[in-house]
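J.: Before anything else, here's the structure in question.
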There are 2 protein chains.
Amino acid sequence: MAAETKTAGTKTGSGIAMRGAGYYSAHTTGAKTVIDAATELVLEAGRDIKLDNPETAFGIADYGCADGGTSIDLHRAVIADIRRREPGRPISLTYTDLPGNDFSALFKRLQGQLPMDPIGLSNFDRLFPMASGTSFYRQIVPSGTLAVGFSATAMHWMSTLPSRITGHVHSVGAKGAEYDAFRAQSLKDWETILLHRAAELRPGGWLVMANFCVDEQGHYLGHTGGVCMFDQYERHWRGLFETGAITRTEYDRATFQQHYRTPEECAAPFRDPNSAVSRAGLELVRSFTRVTPCPYATAFQRDSDPAGFAKSYIPTLRSWSESTFFGALDPARPLDERQSLIDRYYDSYEADVAARPEGHGMDYVHCFMQIRKRRDA
Amino acid sequence: MAAETKTAGTKTGSGIAMRGAGYYSAHTTGAKTVIDAATELVLEAGRDIKLDNPETAFGIADYGCADGGTSIDLHRAVIADIRRREPGRPISLTYTDLPGNDFSALFKRLQGQLPMDPIGLSNFDRLFPMASGTSFYRQIVPSGTLAVGFSATAMHWMSTLPSRITGHVHSVGAKGAEYDAFRAQSLKDWETILLHRAAELRPGGWLVMANFCVDEQGHYLGHTGGVCMFDQYERHWRGLFETGAITRTEYDRATFQQHYRTPEECAAPFRDPNSAVSRAGLELVRSFTRVTPCPYATAFQRDSDPAGFAKSYIPTLRSWSESTFFGALDPARPLDERQSLIDRYYDSYEADVAARPEGHGMDYVHCFMQIRKRRDA
């Protein structure tokens with residue numbers, strides 16, 4: 001994939017972009033582990049769906065799919081499970097992400113055209129895969145057509161950046177009014193997400209999500225007791241500024257358009273029977289948090305190879321963070337220069353991990369949820 | 001677009017690919033003229049659709065959409081027309097092309113994110129645009145969900161390359177058994193296309209197509225009385241071989257995976273009430289051929305600027321032919337070398353047009369068809 005990755009590069013613009021050409025899935029084995037853990041919840045949801053008309057397609061959506069690599073095993077399992085019950089049931093599978101996503105990599109994967117997976121989903125007939133470049137902050141499929149919606153590790157991306165953060169790059173390091181602005185926008189975003197999904201779901205349909213969260217222990221992605229990953233992001237970015245490599249404005253501009261809600265915040269709209277979400281017919285069936293250990297840190301504990309750890313660990317961080325830092329750089333800089341700065345940034349982070357590896361790691365902290373739309377809704 | 005086009009380059013692999021990042025639409029004003037001419041046929045088809053349930057989406061498909069630029073005005077007109085009759089009607093619009101298509105350019109265009117069109121289709125609510133990377137040689141949307149299918153300038157691409165062509169690059173220059181192989185495959189492909197569309201259409205649904213053809217006068221794309229474009233393609237490619245720039249194998253391998261059917265051949269499956277197509281419920285309502293003059297040759301007649309003509313004319317040829325010639329080159333050659341050879345090829349064609357401009361031109365020759373699925377099918 002290396003050569004392809006180079007030319008595909010990073011999509012910029014919104015600052016929300018995964019690296020293309022399969023780079024995302026190749027470097028996010030942890031994200032796949034999370035999805036594997038959600039599979040049983042999706043199977044359970046699928047088994048609860050009753051469609052009267054045999055011609056009606058069983059509608060599945062995968063929100064924030066990237067290149068589709070992390071969820072393809074889940075979809076294989078779900079489709080096979082539906083077909084065991086109803087061999088002839090048509091199934092529509094709608095993958096969604098932002099317009100800049102690498103949809104070609106997705107389609108090639110589904111059709112078994114990528115070397116690492118020569119089958120994809122091509123062995124299922126009457127399966128109709130689609131892609132939508134519509135944000136999950138809007139309704140994506142027609143009302144009442146979705147049986148099961150699924151989303152993993154996507155809905156921490158906010159609809160808008162509510163504030164810059166003084167001295168930090170992520171809302172986990174925000175304070176006071178800046179923190180409040182992130183939280184308020186994130187709660188509003190959550191309601192928007194749920195209301196659009198409520199419209200899309202057919203009565204009796206399900207939504208299964210595994211979203212990043214701040215859990216009951218105050219843990220969150222890359223912050224589960226050891227080194228705080230987001231503090232490191234900030235420290236190395238500040239390093240570029242302090243050595244004069246980037247400007248003050250560029251330093252300030254690097255802000256993840258993300259916020260991690262607590263399980264409590266996620267559950268709130270369901271607790272209030274008069275909330276818009278409850279009135280739209282959605283009920284929270286199950287919710288729990290789960291820490292998925294960083295596979296690279298786990299391997300380091302076993303192998304005690306600091307340089308190897310750093311070399312494998314940084315690409316998983318880079319896969320989803322690069323666009324934020326790249327987008328913070330002055331577009332007036334030549335592209336080559338911006339790419340060099342970004343390389344230098346991650347090189348600095350990698351050298352630091354290689355030199356002092358203990359405590360680094362990106363444990364995933366998720367809130368898993370099963371949500372159902374009432375049959376009478 | 002220039003910078004973006006450079007990095008996006010040409011998709012290769014199948015040898016069927018349009019240049020990405022908007023290059024295709026920017027250099028195919030003739031293709032847009034054809035679609036504009038088909039708009040009335042699509043509006044007429046749309047007005048014939050009756051959907052009982054107000055929640056049922058009016059399903060539209062656009063087969064072989066490329067980056068969506070040539071057909072967006074048609075879809076604007078069709079959607080506006082539906083909404084005049086039924087303001088609340090949900091509409092699903094499925095764009096299809098091969099996996100390597102630039103779907104990001106398509107989605108950006110639809111969402112008004114391209115500089116040349118800041119609106120796209122973003123001003124329509126309850127419109128659900130989708131993309132499918134599934135070939136039109138397979139069923140793309142669930143059975144009975146499509147109200148109107150549309151396709152322009154796409155279905156001359158064959159499902160497979162049936163033969164090499166001795167001494168030529170296109171089946172219009174094939175003879176004997178080689179020609180027969182192209183024709184037979186193309187007729188089989190046509191039936192496959194129609195049967196899949198028959199499954200997708202709801203009873204009473206319509207298919208409107210404008211396909212390249214060989215018309216009643218024996219005219220076809222780039223061959224309407226002046227210089228035959230495909231002979232020029234062959235001549236300049238042979239030039240590369242004769243000067244030793246490419247090998248015999250590379251010369252032989254350049255073969256368009258295309259065939260142009262006659263209107264008679266297109267109509268044949270409908271004439272036979274026992275054909276699979278007729279039994280699937282499809283009826284040919286209207287069919288006619290139309291020559292769309294090459295806009296670049298027309299401008300040359302007005303401006304008498306041979307160099308300017310050549311410079312504007314060659315990119316429209318290049319937009320859809322480059323992948324065939326690029327794919328014929330030995331992949332063992334470094335990428336840069338292959339790109340240089342391709343540049344040299346089109347430079348040679350351009351220099352020839354600039355030196356002897358008379359008679360050059362790519363008039364489009366289409367067979368327009370309106371096809372209906374019987375209400376009782």
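So you can find residues: chains in the structure tokens are A, B, ... in the order shown, residues in each start at 1, and ligands are numbered from 1 in order.
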Superposition of chain A onto chain B by least squares over all sequentially paired C-alpha atoms; the transformed chain is requested as a short mmCIF file (atom, residue, chain, number, x, y, z; two decimals) with C-alpha atoms, in the first residue's frame.

T.:
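Listing of out.cif after writing:
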data_model
loop_
_atom_site.label_atom_id
_atom_site.label_comp_id
_atom_site.auth_asym_id
_atom_site.auth_seq_id
_atom_site.Cartn_x
_atom_site.Cartn_y
_atom_site.Cartn_z
CA MET A 1 -8.49 22.46 -11.26
CA ALA A 2 -5.07 21.98 -12.91
CA ALA A 3 -3.09 21.15 -9.78
CA GLU A 4 -5.76 18.81 -8.48
CA THR A 5 -5.95 17.01 -11.80
CA LYS A 6 -2.24 16.36 -11.74
CA THR A 7 -2.27 14.59 -8.43
CA ALA A 8 -5.49 12.74 -9.09
CA GLY A 9 -4.12 11.42 -12.36
CA THR A 10 -5.70 8.57 -14.17
CA LYS A 11 -7.26 5.58 -12.53
CA THR A 12 -6.04 2.43 -14.19
CA GLY A 13 -6.65 -1.24 -13.77
CA SER A 14 -9.68 -2.13 -15.81
CA GLY A 15 -8.75 0.33 -18.53
CA ILE A 16 -12.23 1.82 -18.11
CA ALA A 17 -11.84 5.10 -16.28
CA MET A 18 -12.56 8.74 -16.72
CA ARG A 19 -10.00 11.25 -15.48
CA GLY A 20 -10.85 12.38 -11.95
CA ALA A 21 -11.15 15.60 -9.93
CA GLY A 22 -13.66 17.19 -12.28
CA TYR A 23 -11.43 16.86 -15.38
CA TYR A 24 -14.06 14.73 -17.08
CA SER A 25 -16.90 17.24 -16.85
CA ALA A 26 -14.65 20.23 -17.51
CA HIS A 27 -13.71 18.76 -20.87
CA THR A 28 -16.91 17.21 -22.08
CA THR A 29 -19.29 20.04 -22.92
CA GLY A 30 -20.56 17.93 -25.84
CA ALA A 31 -21.61 15.18 -23.46
CA LYS A 32 -23.56 17.75 -21.47
CA THR A 33 -25.32 18.96 -24.63
CA VAL A 34 -26.46 15.39 -25.24
CA ILE A 35 -27.85 15.12 -21.72
CA ASP A 36 -29.62 18.45 -22.03
CA ALA A 37 -31.29 17.03 -25.15
CA ALA A 38 -32.46 14.00 -23.16
CA THR A 39 -33.94 16.10 -20.35
CA GLU A 40 -37.38 16.42 -21.90
CA LEU A 41 -37.58 12.63 -22.28
CA VAL A 42 -36.76 12.17 -18.60
CA LEU A 43 -39.28 14.81 -17.51
CA GLU A 44 -41.93 13.09 -19.59
CA ALA A 45 -41.07 9.75 -18.01
CA GLY A 46 -41.17 11.24 -14.52
CA ARG A 47 -44.64 12.68 -15.10
CA ASP A 48 -45.95 9.22 -15.92
CA ILE A 49 -44.94 7.79 -12.53
CA LYS A 50 -47.65 7.27 -9.94
CA LEU A 51 -46.60 6.34 -6.41
CA ASP A 52 -49.42 5.50 -4.04
CA ASN A 53 -47.69 5.79 -0.68
CA PRO A 54 -46.58 9.38 0.01
CA GLU A 55 -43.59 8.05 1.99
CA THR A 56 -42.25 5.99 -0.92
CA ALA A 57 -39.14 7.57 -2.37
CA PHE A 58 -39.17 8.48 -6.04
CA GLY A 59 -36.16 6.44 -7.11
CA ILE A 60 -33.86 7.85 -9.78
CA ALA A 61 -30.63 6.26 -10.99
CA ASP A 62 -27.87 7.74 -13.13
CA TYR A 63 -25.78 4.93 -14.61
CA GLY A 64 -22.19 5.78 -15.48
CA CYS A 65 -22.28 9.18 -13.83
CA ALA A 66 -18.52 9.99 -13.77
CA ASP A 67 -18.14 13.11 -11.60
CA GLY A 68 -21.80 14.07 -12.06
CA GLY A 69 -21.11 17.35 -13.81
CA THR A 70 -22.72 16.62 -17.16
CA SER A 71 -26.05 15.49 -15.70
CA ILE A 72 -26.55 17.80 -12.73
CA ASP A 73 -28.73 20.23 -14.68
CA LEU A 74 -30.91 17.36 -15.81
CA HIS A 75 -31.36 16.18 -12.24
CA ARG A 76 -32.13 19.72 -11.07
CA ALA A 77 -34.88 19.91 -13.68
CA VAL A 78 -36.28 16.47 -12.88
CA ILE A 79 -36.31 17.01 -9.12
CA ALA A 80 -37.90 20.45 -9.45
CA ASP A 81 -40.55 18.98 -11.75
CA ILE A 82 -41.42 16.18 -9.29
CA ARG A 83 -41.59 18.68 -6.45
CA ARG A 84 -43.95 20.97 -8.39
CA ARG A 85 -46.40 18.07 -8.52
CA GLU A 86 -45.62 16.60 -5.11
CA PRO A 87 -43.81 19.07 -2.81
CA GLY A 88 -43.24 16.53 -0.06
CA ARG A 89 -42.14 13.55 -2.15
CA PRO A 90 -38.87 12.02 -0.92
CA ILE A 91 -36.46 11.37 -3.78
CA SER A 92 -33.53 8.98 -3.85
CA LEU A 93 -30.92 9.62 -6.52
CA THR A 94 -28.41 6.84 -7.02
CA TYR A 95 -25.30 7.67 -9.01
CA THR A 96 -23.43 4.67 -10.32
CA ASP A 97 -20.01 4.13 -11.81
CA LEU A 98 -17.06 1.77 -11.45
CA PRO A 99 -15.21 1.61 -8.11
CA GLY A 100 -12.29 3.68 -9.41
CA ASN A 101 -14.55 6.63 -10.24
CA ASP A 102 -13.91 9.88 -8.40
CA PHE A 103 -16.91 9.70 -6.06
CA SER A 104 -15.46 12.43 -3.85
CA ALA A 105 -15.67 14.89 -6.76
CA LEU A 106 -19.27 13.73 -7.29
CA PHE A 107 -20.30 14.20 -3.65
CA LYS A 108 -18.55 17.56 -3.41
CA ARG A 109 -20.38 18.69 -6.53
CA LEU A 110 -23.77 17.56 -5.19
CA GLN A 111 -23.13 19.36 -1.91
CA GLY A 112 -22.06 22.57 -3.61
CA GLN A 113 -18.44 22.25 -2.51
CA LEU A 114 -16.88 22.78 -5.95
CA PRO A 115 -15.96 26.37 -6.81
CA MET A 116 -17.78 26.28 -10.16
CA ASP A 117 -21.09 25.33 -8.57
CA PRO A 118 -21.62 26.52 -4.98
CA ILE A 119 -25.10 24.98 -4.76
CA GLY A 120 -25.09 21.61 -6.48
CA LEU A 121 -28.24 19.83 -5.32
CA SER A 122 -27.91 21.10 -1.75
CA ASN A 123 -31.00 23.31 -2.02
CA PHE A 124 -33.36 20.32 -2.27
CA ASP A 125 -34.54 18.83 0.99
CA ARG A 126 -35.76 15.24 1.28
CA LEU A 127 -33.34 14.39 -1.52
CA PHE A 128 -31.17 11.37 -0.73
CA PRO A 129 -28.17 11.12 -3.05
CA MET A 130 -26.31 7.82 -3.04
CA ALA A 131 -23.45 6.38 -4.97
CA SER A 132 -22.92 2.81 -6.05
CA GLY A 133 -19.62 1.42 -7.30
CA THR A 134 -21.42 -1.56 -8.80
CA SER A 135 -21.12 -2.08 -12.56
CA PHE A 136 -24.30 -1.71 -14.61
CA TYR A 137 -23.70 -5.30 -15.68
CA ARG A 138 -25.11 -6.23 -12.27
CA GLN A 139 -28.28 -5.28 -10.43
CA ILE A 140 -27.48 -2.10 -8.49
CA VAL A 141 -30.61 -1.18 -6.50
CA PRO A 142 -33.19 -3.52 -4.89
CA SER A 143 -35.90 -4.92 -7.16
CA GLY A 144 -38.87 -2.76 -7.94
CA THR A 145 -37.53 0.41 -6.30
CA LEU A 146 -36.60 2.50 -9.33
CA ALA A 147 -39.00 4.99 -10.92
CA VAL A 148 -36.71 6.41 -13.60
CA GLY A 149 -33.34 5.13 -14.74
CA PHE A 150 -31.13 7.40 -16.81
CA SER A 151 -27.89 6.79 -18.62
CA ALA A 152 -25.93 8.82 -21.14
CA THR A 153 -22.82 7.97 -23.08
CA ALA A 154 -21.91 5.01 -20.91
CA MET A 155 -23.28 1.73 -22.18
CA HIS A 156 -20.87 1.35 -25.09
CA TRP A 157 -18.39 0.22 -22.44
CA MET A 158 -18.44 -3.57 -22.62
CA SER A 159 -18.44 -6.06 -19.76
CA THR A 160 -15.33 -7.71 -21.18
CA LEU A 161 -12.90 -7.28 -24.04
CA PRO A 162 -13.87 -10.02 -26.50
CA SER A 163 -10.86 -9.80 -28.78
CA ARG A 164 -7.81 -7.80 -29.77
CA ILE A 165 -8.16 -5.97 -33.08
CA THR A 166 -5.53 -6.41 -35.72
CA GLY A 167 -4.21 -3.04 -36.84
CA HIS A 168 -6.79 -0.95 -35.04
CA VAL A 169 -7.78 0.30 -31.57
CA HIS A 170 -11.59 0.26 -31.80
CA SER A 171 -14.23 -2.17 -33.01
CA VAL A 172 -15.32 0.36 -35.64
CA GLY A 173 -12.07 -0.66 -37.37
CA ALA A 174 -12.44 -4.40 -36.70
CA LYS A 175 -13.11 -6.93 -39.45
CA GLY A 176 -14.26 -10.53 -39.84
CA ALA A 177 -14.16 -12.76 -36.79
CA GLU A 178 -12.79 -9.95 -34.63
CA TYR A 179 -15.73 -7.71 -35.53
CA ASP A 180 -18.16 -10.57 -34.97
CA ALA A 181 -16.74 -11.20 -31.52
CA PHE A 182 -17.29 -7.56 -30.55
CA ARG A 183 -20.79 -7.48 -31.96
CA ALA A 184 -21.85 -10.74 -30.31
CA GLN A 185 -20.50 -9.66 -26.91
CA SER A 186 -22.15 -6.27 -27.27
CA LEU A 187 -25.58 -7.80 -27.99
CA LYS A 188 -25.20 -10.10 -25.02
CA ASP A 189 -24.14 -7.12 -22.88
CA TRP A 190 -27.20 -5.19 -24.03
CA GLU A 191 -29.51 -7.93 -22.89
CA THR A 192 -27.72 -8.16 -19.54
CA ILE A 193 -28.06 -4.41 -19.06
CA LEU A 194 -31.77 -4.43 -19.87
CA LEU A 195 -32.62 -7.43 -17.70
CA HIS A 196 -30.95 -5.91 -14.64
CA ARG A 197 -32.75 -2.62 -15.26
CA ALA A 198 -36.04 -4.49 -15.64
CA ALA A 199 -35.51 -5.98 -12.19
CA GLU A 200 -34.66 -2.61 -10.67
CA LEU A 201 -37.64 -0.74 -12.15
CA ARG A 202 -40.96 -0.67 -10.41
CA PRO A 203 -43.95 -1.58 -12.62
CA GLY A 204 -44.71 1.49 -14.71
CA GLY A 205 -41.12 2.76 -14.33
CA TRP A 206 -39.04 4.22 -17.14
CA LEU A 207 -35.57 3.99 -18.56
CA VAL A 208 -34.19 6.85 -20.64
CA MET A 209 -30.90 6.31 -22.36
CA ALA A 210 -28.67 8.10 -24.83
CA ASN A 211 -26.11 5.59 -26.00
CA PHE A 212 -23.41 5.93 -28.61
CA CYS A 213 -24.44 4.14 -31.79
CA VAL A 214 -23.65 3.58 -35.44
CA ASP A 215 -26.53 5.44 -37.03
CA GLU A 216 -28.54 4.88 -40.22
CA GLN A 217 -25.83 6.67 -42.26
CA GLY A 218 -23.07 4.57 -40.76
CA HIS A 219 -21.92 7.55 -38.72
CA TYR A 220 -20.53 7.20 -35.25
CA LEU A 221 -18.52 9.19 -32.70
CA GLY A 222 -15.88 11.23 -34.50
CA HIS A 223 -16.85 9.78 -37.87
CA THR A 224 -19.51 11.90 -39.54
CA GLY A 225 -17.94 12.74 -42.85
CA GLY A 226 -14.58 14.31 -42.10
CA VAL A 227 -11.51 12.70 -40.61
CA CYS A 228 -12.28 9.47 -38.71
CA MET A 229 -11.19 10.07 -35.12
CA PHE A 230 -10.53 6.41 -34.33
CA ASP A 231 -8.28 6.10 -37.37
CA GLN A 232 -6.29 9.00 -35.93
CA TYR A 233 -6.07 7.33 -32.54
CA GLU A 234 -4.63 4.27 -34.25
CA ARG A 235 -2.27 6.25 -36.51
CA HIS A 236 -0.65 8.19 -33.68
CA TRP A 237 -0.38 5.09 -31.51
CA ARG A 238 1.27 3.29 -34.41
CA GLY A 239 3.57 6.30 -34.71
CA LEU A 240 4.85 5.63 -31.18
CA PHE A 241 5.49 2.03 -32.15
CA GLU A 242 7.20 2.83 -35.45
CA THR A 243 9.60 5.23 -33.77
CA GLY A 244 10.44 2.54 -31.21
CA ALA A 245 8.92 4.44 -28.29
CA ILE A 246 6.54 1.57 -27.46
CA THR A 247 6.76 -2.17 -28.09
CA ARG A 248 4.73 -4.28 -30.46
CA THR A 249 2.87 -5.74 -27.48
CA GLU A 250 1.99 -2.30 -26.22
CA TYR A 251 0.83 -1.28 -29.67
CA ASP A 252 -1.38 -4.36 -29.93
CA ARG A 253 -2.77 -4.04 -26.43
CA ALA A 254 -4.43 -0.64 -26.94
CA THR A 255 -8.02 -1.66 -27.63
CA PHE A 256 -11.08 0.25 -26.49
CA GLN A 257 -13.40 -2.05 -24.54
CA GLN A 258 -16.27 -0.52 -26.47
CA HIS A 259 -18.75 -1.31 -29.19
CA TYR A 260 -21.37 0.89 -30.81
CA ARG A 261 -24.66 -0.87 -31.47
CA THR A 262 -27.01 0.19 -34.26
CA PRO A 263 -30.53 1.45 -33.41
CA GLU A 264 -31.77 -1.77 -35.02
CA GLU A 265 -29.67 -3.87 -32.67
CA CYS A 266 -30.86 -1.82 -29.70
CA ALA A 267 -34.49 -2.34 -30.69
CA ALA A 268 -34.24 -6.06 -31.47
CA PRO A 269 -34.96 -7.45 -27.98
CA PHE A 270 -38.17 -5.38 -27.83
CA ARG A 271 -39.41 -6.53 -31.24
CA ASP A 272 -39.48 -10.15 -30.14
CA PRO A 273 -42.36 -10.69 -27.69
CA ASN A 274 -40.69 -13.88 -26.48
CA SER A 275 -37.30 -12.35 -25.77
CA ALA A 276 -36.15 -12.35 -22.14
CA VAL A 277 -36.33 -8.54 -22.23
CA SER A 278 -39.98 -8.50 -23.36
CA ARG A 279 -40.88 -11.18 -20.85
CA ALA A 280 -39.30 -9.03 -18.15
CA GLY A 281 -41.90 -6.40 -19.03
CA LEU A 282 -39.83 -3.85 -20.94
CA GLU A 283 -41.29 -2.02 -23.96
CA LEU A 284 -39.53 0.38 -26.30
CA VAL A 285 -41.63 3.53 -26.42
CA ARG A 286 -39.45 5.76 -28.55
CA SER A 287 -36.09 5.62 -30.24
CA PHE A 288 -34.24 8.06 -32.48
CA THR A 289 -30.72 8.96 -33.43
CA ARG A 290 -29.16 12.38 -33.03
CA VAL A 291 -25.87 13.90 -34.08
CA THR A 292 -24.49 16.46 -31.63
CA PRO A 293 -21.88 18.60 -33.36
CA CYS A 294 -18.42 18.77 -31.83
CA PRO A 295 -18.35 22.10 -29.96
CA TYR A 296 -14.62 22.48 -30.54
CA ALA A 297 -14.87 21.93 -34.30
CA THR A 298 -17.80 24.33 -34.40
CA ALA A 299 -15.74 26.97 -32.61
CA PHE A 300 -12.91 26.38 -35.09
CA GLN A 301 -15.21 27.05 -38.03
CA ARG A 302 -16.00 30.37 -36.39
CA ASP A 303 -12.56 31.35 -35.07
CA SER A 304 -10.20 29.80 -37.67
CA ASP A 305 -7.57 29.29 -34.98
CA PRO A 306 -5.99 25.88 -35.66
CA ALA A 307 -3.66 25.88 -32.64
CA GLY A 308 -6.46 26.99 -30.31
CA PHE A 309 -8.74 24.32 -31.74
CA ALA A 310 -6.15 21.59 -31.25
CA LYS A 311 -5.46 22.74 -27.71
CA SER A 312 -9.12 22.64 -26.71
CA TYR A 313 -10.06 19.57 -28.74
CA ILE A 314 -7.47 17.05 -27.56
CA PRO A 315 -8.44 17.25 -23.83
CA THR A 316 -11.99 16.13 -24.63
CA LEU A 317 -10.58 13.08 -26.39
CA ARG A 318 -8.12 12.53 -23.61
CA SER A 319 -10.78 12.61 -20.87
CA TRP A 320 -12.14 9.21 -21.83
CA SER A 321 -9.41 7.59 -23.95
CA GLU A 322 -6.34 8.08 -21.80
CA SER A 323 -6.95 5.08 -19.58
CA THR A 324 -7.07 2.75 -22.59
CA PHE A 325 -3.68 3.84 -23.90
CA PHE A 326 -2.14 4.15 -20.46
CA GLY A 327 -3.32 0.64 -19.63
CA ALA A 328 -1.70 -0.70 -22.79
CA LEU A 329 1.76 0.36 -21.63
CA ASP A 330 3.99 -2.16 -19.90
CA PRO A 331 3.45 -1.72 -16.13
CA ALA A 332 7.15 -2.54 -15.72
CA ARG A 333 7.92 0.92 -17.12
CA PRO A 334 8.30 3.51 -14.35
CA LEU A 335 5.15 5.57 -13.87
CA ASP A 336 6.90 8.77 -15.00
CA GLU A 337 7.94 7.12 -18.24
CA ARG A 338 4.41 5.91 -18.93
CA GLN A 339 3.06 9.38 -18.25
CA SER A 340 5.62 10.90 -20.63
CA LEU A 341 4.68 8.45 -23.36
CA ILE A 342 1.02 9.32 -22.95
CA ASP A 343 1.79 13.03 -23.04
CA ARG A 344 3.85 12.45 -26.19
CA TYR A 345 0.98 10.51 -27.76
CA TYR A 346 -1.58 13.28 -27.25
CA ASP A 347 1.00 15.94 -28.15
CA SER A 348 1.49 14.20 -31.47
CA TYR A 349 -2.25 14.09 -32.07
CA GLU A 350 -2.56 17.76 -31.08
CA ALA A 351 0.30 18.85 -33.36
CA ASP A 352 -1.35 17.01 -36.22
CA VAL A 353 -4.70 18.74 -35.62
CA ALA A 354 -2.96 22.13 -35.34
CA ALA A 355 -1.16 21.52 -38.63
CA ARG A 356 -4.10 20.08 -40.58
CA PRO A 357 -7.24 21.01 -38.67
CA GLU A 358 -9.82 20.56 -41.42
CA GLY A 359 -12.20 17.63 -40.95
CA HIS A 360 -11.19 16.88 -37.35
CA GLY A 361 -13.98 16.86 -34.82
CA MET A 362 -15.75 14.59 -32.41
CA ASP A 363 -19.41 14.80 -33.35
CA TYR A 364 -21.43 12.66 -30.98
CA VAL A 365 -23.79 10.12 -32.56
CA HIS A 366 -26.37 8.83 -30.13
CA CYS A 367 -29.37 6.57 -30.08
CA PHE A 368 -31.91 8.03 -27.64
CA MET A 369 -34.40 5.61 -26.14
CA GLN A 370 -37.40 5.74 -23.87
CA ILE A 371 -38.21 2.34 -22.40
CA ARG A 372 -41.07 1.55 -20.07
CA LYS A 373 -41.74 -1.34 -17.74
CA ARG A 374 -45.33 -2.49 -18.12
CA ARG A 375 -47.59 -1.63 -15.18
CA ASP A 376 -48.68 -5.27 -14.98
CA ALA A 377 -45.13 -6.63 -15.13
#

J.: Could you please write out, as number ranges by chain, every residue of region 112-194 of chain B that DSSP assigns to strand (DSSP E or B)?

T.: B: 114, 117, 127-132, 146-152, 157

J.: Please produce an output containing C-alpha atoms for each residue in the selection, written as a PDB file, in the first residue's frame.

T.:
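The result, stored in out20.pdb:
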ATOM      1  CA  LEU B 114     -16.919  22.792  -5.941  1.00  0.00           C
ATOM      2  CA  ASP B 117     -21.124  25.336  -8.561  1.00  0.00           C
ATOM      3  CA  LEU B 127     -33.364  14.391  -1.518  1.00  0.00           C
ATOM      4  CA  PHE B 128     -31.184  11.373  -0.735  1.00  0.00           C
ATOM      5  CA  PRO B 129     -28.196  11.119  -3.051  1.00  0.00           C
ATOM      6  CA  MET B 130     -26.317   7.829  -3.035  1.00  0.00           C
ATOM      7  CA  ALA B 131     -23.445   6.378  -4.962  1.00  0.00           C
ATOM      8  CA  SER B 132     -22.915   2.824  -6.034  1.00  0.00           C
ATOM      9  CA  LEU B 146     -36.610   2.504  -9.306  1.00  0.00           C
ATOM     10  CA  ALA B 147     -39.010   4.986 -10.910  1.00  0.00           C
ATOM     11  CA  VAL B 148     -36.716   6.412 -13.585  1.00  0.00           C
ATOM     12  CA  GLY B 149     -33.331   5.145 -14.708  1.00  0.00           C
ATOM     13  CA  PHE B 150     -31.138   7.389 -16.812  1.00  0.00           C
ATOM     14  CA  SER B 151     -27.889   6.797 -18.601  1.00  0.00           C
ATOM     15  CA  ALA B 152     -25.924   8.807 -21.125  1.00  0.00           C
ATOM     16  CA  TRP B 157     -18.357   0.207 -22.422  1.00  0.00           C
TER      17      TRP B 157
END

J.: Could you pull out the residues in region 35-245 of chain B that DSSP calls alpha helix (DSSP H) from the backbone, as a ChimeraX atom specification?

T.: /B:35-47,72-85,103-110,176-200,229-242
